[in-house]
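Heads up, the thing below is written out as structure tokens.
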Amino acid sequence: MLSFQEQIISDLLEDVNGGLVVLSSGLPVSPILVSLIPLLPSHLTPLLLSVPDSLLPSLSVLSPLSISFDLPSHQRTSLYTSGRPLILSPRILIADLLTSRCLPSSISALFLFNAHRLSDTSTESFIARLLRLSSPHNHLIPIFAFSDSAHGMVSGFAKAERLMKCLYVRRLHLWPRFHVLVSSDLETDPPEVVDIRVPMSPAMKGIQVAVLEAMDACLKELRRTNKVDVEDLTVEKGLFKSFDEIVRRQLDPIWHTLGKKTKQLVSDLRTLRKLLDYLIRYDAVTYLKYLDTLRVSEGVRSMWIFANSSHKIFELAKRRVYQVVRADGSKVGLDNKATPTKKRRVTSNNKKGKEIDNEASSSNKEIGGIVLEEVLEEAPKWKVLRELLEEIEEERSKGTKVTEQIMSGEDADSTDIVLVTCKDERSCLQLEDCILKGSQQAMRGEWEKYLLGKIELQSVFKRSKTKPKEPKGFGVIDGGIVTTKGPSESSEPNTISILENKALLAAASKISKSTIREVETEIEATESSKPKKGRGKGKSKKNSVPDCNAQSSGVQIEEPQGQSHDLSTGASASSVVQIEEKSHSQSHKSTSGGLSNTKPLPPVQFYALDRDRRILQEWKPSVVIVYHPDMTFVREIEIYKSENPNRKLKVYFLFYEDSTEGQKFEASIRRENSAFESLIRQKSLMMIPVDQNGRCLGPATQSTEPDSALSNSMTRKAGGRKPLEKEMQVIVDMREFMSSLPNVLHLKGMKVIPVTLEVGDYILSPLICVERKSIGDLYQSFASGRLFHQVETMVRYYKIPVLLIEFSQDKSFSFQSASEIGDDVSPTNIISKLSLLVMHFPRLRLVWSRSLHATADIFLSLKSNQDEPDENKAMRVGVPSEDGVIENDVRAENYNTSAIEFLRRLPGVTDSNYRALMDCCNNLAELALLPVEKLAELMGSQKAARTLKEFLDAKCPTML
């Protein structure tokens, strides 16, 4: 353990209330936990809430137990007194605390993680309040909260101070990277670092400049709205994912008042940020494919596409993959002007590639004189990475200082693995293909997938096409908008786009045919080399089927990876598992066997940073190549080297020169430092209230607030005795503890009783049942039809069913703007759906709430002059017994519910006359015997009576 980690533990143990620790990103929390938990009282149980997956392997030395809802309640009760560390979710713990399955006297400490995501209404703050209010006076439970996101702790007004009050802690421990102890530990024996700046290709530079220009134009338009803080609208902040959250946080309260243009600008900024990120991470073909999907999905409503720089983005992205050349040797520039050039054709290494080139060149006349030349620009980092691996292996073979691995002590278990870290799993797979097969072959595979995707898209278009005539309006062909008003109105750029698309389809068809011929050739070769067995032709044909499948699967081995590479569809869960297995299986395998006539390469292990695992201690690499620089992983490297000073470690950083990649990396460090500086200033000014015993005083509930002024004014009423007030209680469904409303209800002084309810979410009284819906849940419930069933059951069992529609406090209190509300009923409009729901269930009450606190106030007003609900009855409502009868059915006490439902479905019976029929007849048999005159008297209509009588007396058809 490093010295600054020991200091953190000693600081936490000084205060009995616990503390909030904010670490710099990348500094591990696991060593602190492993050393801190054994120092707590051994007869009590430490509780760890919502432990991140990256910490679970490190905590295995403590032998923790995981608790889930599948575990019976009596077993959970015994585990709370076992003394072993328990890992559980906040939803489980809050339910067990409210039902007294978990006693505060048996808890030694509470550990919280990702504290920057907590708030005063979160379930964790509810747990902290219950532990502080219900724990014995002589037993104070410390709460230790950890966070590695300083930027998240300053997003809001005095967030750190408000969070400390909610968690009942009074010490804030800040440990940035520039702390004296942290710097001394990490800089004592730093690793050897080599910074490699890779120049970008001219096309990549042009795309980057064009995207930045489009982003700057969108920011200027957004500033003109005067609704966003101008200081936050900078291109540097726009490089981060949190920029979207900053803009939406400012615009959400007035979102319904914004126009379509402002809303689209916010979406365009998010798209442009992804374009900058994908330019660095993805290859040229995949980047072009992503642009094609953007042109199809956002081409009509997007605003950045119509900017002057967007045309340059699409044209340069195409030129990285292919060029469109006329038959006379001239090509089409960015301004669609013909310029003479020397025709260039990329030669392929394999026989199939030469065959495709020959066939494509022979079909130039068929596509209107347009020649499609392959460029397939490789990522500049690919070549540098391979040269770097060859250099590392060459130095090791010569016995240089880098290869001195025969050491004593800690470094005896070091490995020769070269660890290459990338942003995501897809980049790891592609780099692995580049090392094994070669960069040209990898680009060829992506190019063939792109062309085959064009054929699939064309076939889908033909199947969905209903009219053979030429379409009206506009269409999208390979990233170009083609207007087809008529054959005489076609312009030069549109004609070129059509011919370009035909050239792509022609090349794709040639690749498809050559792939089929290659598969057939391999199948024939395999069948000819097989020994002939069997006695007849039918036998041989039957045996040849498995071989055909085997060979075809060998040709299509790249298909699962192709699906994971496709940005428009996304990777499936099964493909991710296959990726991880493949990556682990090749961890100690040399990657030099994929290419011929190449230099040997060292064993390489690729790792995706988004998997969030501590892999340096697991693999113990001697060389680390940071392909995509990340601030968090850089700190992990520093920690690994500081904990293992005797191990030799060399780190290579690959940056694109003059790119947003390096700018984003440097900006992330500056942003974290400025966040810590802000926290230091807040720490010097914050005030945390404590009592005489040093116990932190958090936000008091309504029932614990002093009421001395009220009691003094009532001295003439029974000597100033305070009148006894009944304790309000609310029965809450267990699933509702994923929201923050139970926490706010408890804060208002209500007793929260967690049970499993079949009908409703909140039971306020024996008559009032509430179904709570957030805005997103409301839309989903309408789409699935679940809301209709929920309201139907509430109307069946409760006299006052309530549908609570709850908005978020930081968002607009409106479904849509006033201009979007129409006069007609629309099946897709949410207002129309709510109107139809109320018309179908007249007894349903709609309650609109602006926020969680407003909902609690509404519940208080609804519970006034109402009896308290019964927990046992609420649990049995709607639950069928073994014989199918629903226990305590309020309708079954007086009526036969099945007979009533059957009666209301008879012809002529309506909501206004079925009660009169029930009062006159004891059963359906008596109803069938009544004459038409009596039915007309009861139903109030001669026509309805005749309709019902004819239906009851109608003869049933018989089968002869």
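For the structure tokens, the naming scheme is as follows: chains receive sequential letters (A, B, ...) according to their order of presentation, residues are indexed from 1 within each chain, and ligands are indexed from 1 in presentation order.
Summary of the local environment: counting only C-alpha atoms, residues at most 8 Å from region 119-135 of chain A, other than itself and those fewer than 6 positions away along its chain, are Pro90, Arg91, Leu93, Ile94, Leu97, Pro104, Ser105, Leu112, Ile141, Ile143, Arg162, Leu163, Cys166, Leu167, Tyr168, Gly698, Phe737, Met738, Ser739, Ser740, Leu741, Asn743 and Val744 of chain A.
Surrounding region 908-910 of chain A within 8 Å are A:Leu903, A:Arg904, A:Tyr914, A:Met939, A:Ala944, A:Ala945, A:Thr947, A:Leu948, with only C-alpha atoms counted and residues fewer than 4 positions along the same chain left out.
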- Surrounding residues of Glu387 (chain A) excluding itself and chain neighbours under 4 positions, 12 Å, only C-alpha atoms, as a PyMOL selection string: chain A and resi 380-383+391-394+435+598-602
Expected file contents, prior selection, N, CA, C and O atoms, as a short mmCIF file (atom, residue, chain, number, x, y, z; two decimals), in the first residue's frame:
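Below you can see part30.cif, which holds the result:
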data_model
loop_
_atom_site.label_atom_id
_atom_site.label_comp_id
_atom_site.auth_asym_id
_atom_site.auth_seq_id
_atom_site.Cartn_x
_atom_site.Cartn_y
_atom_site.Cartn_z
N PRO A 380 -3.38 5.96 -40.13
CA PRO A 380 -1.93 6.17 -39.96
C PRO A 380 -1.34 5.46 -38.74
O PRO A 380 -0.16 5.11 -38.74
N LYS A 381 -2.15 5.25 -37.72
CA LYS A 381 -1.62 4.59 -36.52
C LYS A 381 -1.35 3.11 -36.76
O LYS A 381 -0.56 2.50 -36.03
N TRP A 382 -2.01 2.49 -37.74
CA TRP A 382 -1.81 1.07 -37.98
C TRP A 382 -0.36 0.76 -38.34
O TRP A 382 0.26 -0.15 -37.80
N LYS A 383 0.16 1.52 -39.28
CA LYS A 383 1.55 1.30 -39.70
C LYS A 383 2.51 1.56 -38.56
O LYS A 383 3.48 0.81 -38.36
N GLU A 391 9.88 -3.30 -33.72
CA GLU A 391 11.04 -2.73 -33.03
C GLU A 391 11.20 -3.31 -31.64
O GLU A 391 12.32 -3.60 -31.19
N ILE A 392 10.06 -3.52 -30.94
CA ILE A 392 10.13 -4.11 -29.60
C ILE A 392 10.69 -5.52 -29.66
O ILE A 392 11.56 -5.91 -28.86
N GLU A 393 10.21 -6.32 -30.62
CA GLU A 393 10.71 -7.69 -30.75
C GLU A 393 12.18 -7.72 -31.17
O GLU A 393 12.95 -8.59 -30.71
N GLU A 394 12.57 -6.78 -32.00
CA GLU A 394 13.98 -6.73 -32.42
C GLU A 394 14.89 -6.37 -31.25
O GLU A 394 15.98 -6.95 -31.10
N ILE A 435 -2.88 -6.94 -37.40
CA ILE A 435 -1.61 -7.58 -37.06
C ILE A 435 -1.53 -8.98 -37.65
O ILE A 435 -0.49 -9.41 -38.16
N THR A 598 7.42 -11.17 -43.18
CA THR A 598 7.37 -10.05 -42.24
C THR A 598 8.26 -10.36 -41.05
O THR A 598 8.60 -11.52 -40.78
N LYS A 599 8.60 -9.32 -40.34
CA LYS A 599 9.44 -9.48 -39.16
C LYS A 599 8.64 -10.10 -38.03
O LYS A 599 7.43 -9.92 -37.95
N PRO A 600 9.29 -10.83 -37.14
CA PRO A 600 8.56 -11.45 -36.02
C PRO A 600 8.03 -10.38 -35.07
O PRO A 600 8.61 -9.30 -34.91
N LEU A 601 6.95 -10.73 -34.42
CA LEU A 601 6.29 -9.82 -33.48
C LEU A 601 6.23 -10.46 -32.11
O LEU A 601 6.18 -11.69 -31.97
N PRO A 602 6.21 -9.66 -31.05
CA PRO A 602 6.09 -10.21 -29.70
C PRO A 602 4.66 -10.64 -29.41
O PRO A 602 3.73 -10.30 -30.16
#
- Tell me, which residues of region 827-934 of chain A carry DSSP strand (DSSP E or B), written as a list in words?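 Output for region 827-934 of chain A, strand (DSSP E or B) only: Arg845, Leu846, Val847, Trp848, Ser849, Pro880 and Ile886 of chain A.
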Hey, can you spit out that residue selection with N, CA and C atoms as a short mmCIF file (atom, residue, chain, number, x, y, z; two decimals), in the first residue's frame?
data_model
loop_
_atom_site.label_atom_id
_atom_site.label_comp_id
_atom_site.auth_asym_id
_atom_site.auth_seq_id
_atom_site.Cartn_x
_atom_site.Cartn_y
_atom_site.Cartn_z
N ARG A 845 -59.23 9.10 -11.47
CA ARG A 845 -58.80 10.47 -11.19
C ARG A 845 -57.37 10.65 -11.71
N LEU A 846 -57.15 11.72 -12.44
CA LEU A 846 -55.81 12.08 -12.92
C LEU A 846 -55.23 13.15 -12.01
N VAL A 847 -54.02 12.91 -11.53
CA VAL A 847 -53.33 13.87 -10.67
C VAL A 847 -52.00 14.21 -11.32
N TRP A 848 -51.76 15.50 -11.51
CA TRP A 848 -50.53 15.97 -12.13
C TRP A 848 -49.61 16.51 -11.06
N SER A 849 -48.36 16.09 -11.10
CA SER A 849 -47.39 16.53 -10.09
C SER A 849 -46.16 17.10 -10.79
N PRO A 880 -55.06 -14.25 -6.35
CA PRO A 880 -55.95 -15.42 -6.34
C PRO A 880 -55.41 -16.51 -5.41
N ILE A 886 -60.37 -15.02 -5.65
CA ILE A 886 -59.58 -13.91 -5.12
C ILE A 886 -60.05 -13.60 -3.72
#
- Query: How many Å lie between CA of Ser851 (chain A) and CA of Glu806 (chain A), rounded to one decimal?
  - Reply: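 Between CA of Ser851 (chain A) and CA of Glu806 (chain A) the gap works out to 6.4 Å.
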- Query: Which residue, A:Leu767, A:Ala899, A:Leu118, A:Leu609, has the smallest gap to Arg426 (chain A) when you use only C-alpha atoms?
  - Reply: A:Leu609
- Task: Quote the spacing between CA of Val180 (chain A) and CA of Ile32 (chain A) in Å to one decimal place.
- Result: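 CA of Ile32 (chain A) lies 18.4 Å from CA of Val180 (chain A).
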- Task: Write out as a PyMOL selection string each polymer residue whose atoms come within 10 Å of Leu745 (chain A), counting only C-alpha atoms; drop sequence neighbours fewer than 4 positions from it.
- Result: chain A and resi 701-702+729-730+740-741+749-752+852-853+855-857+859-860
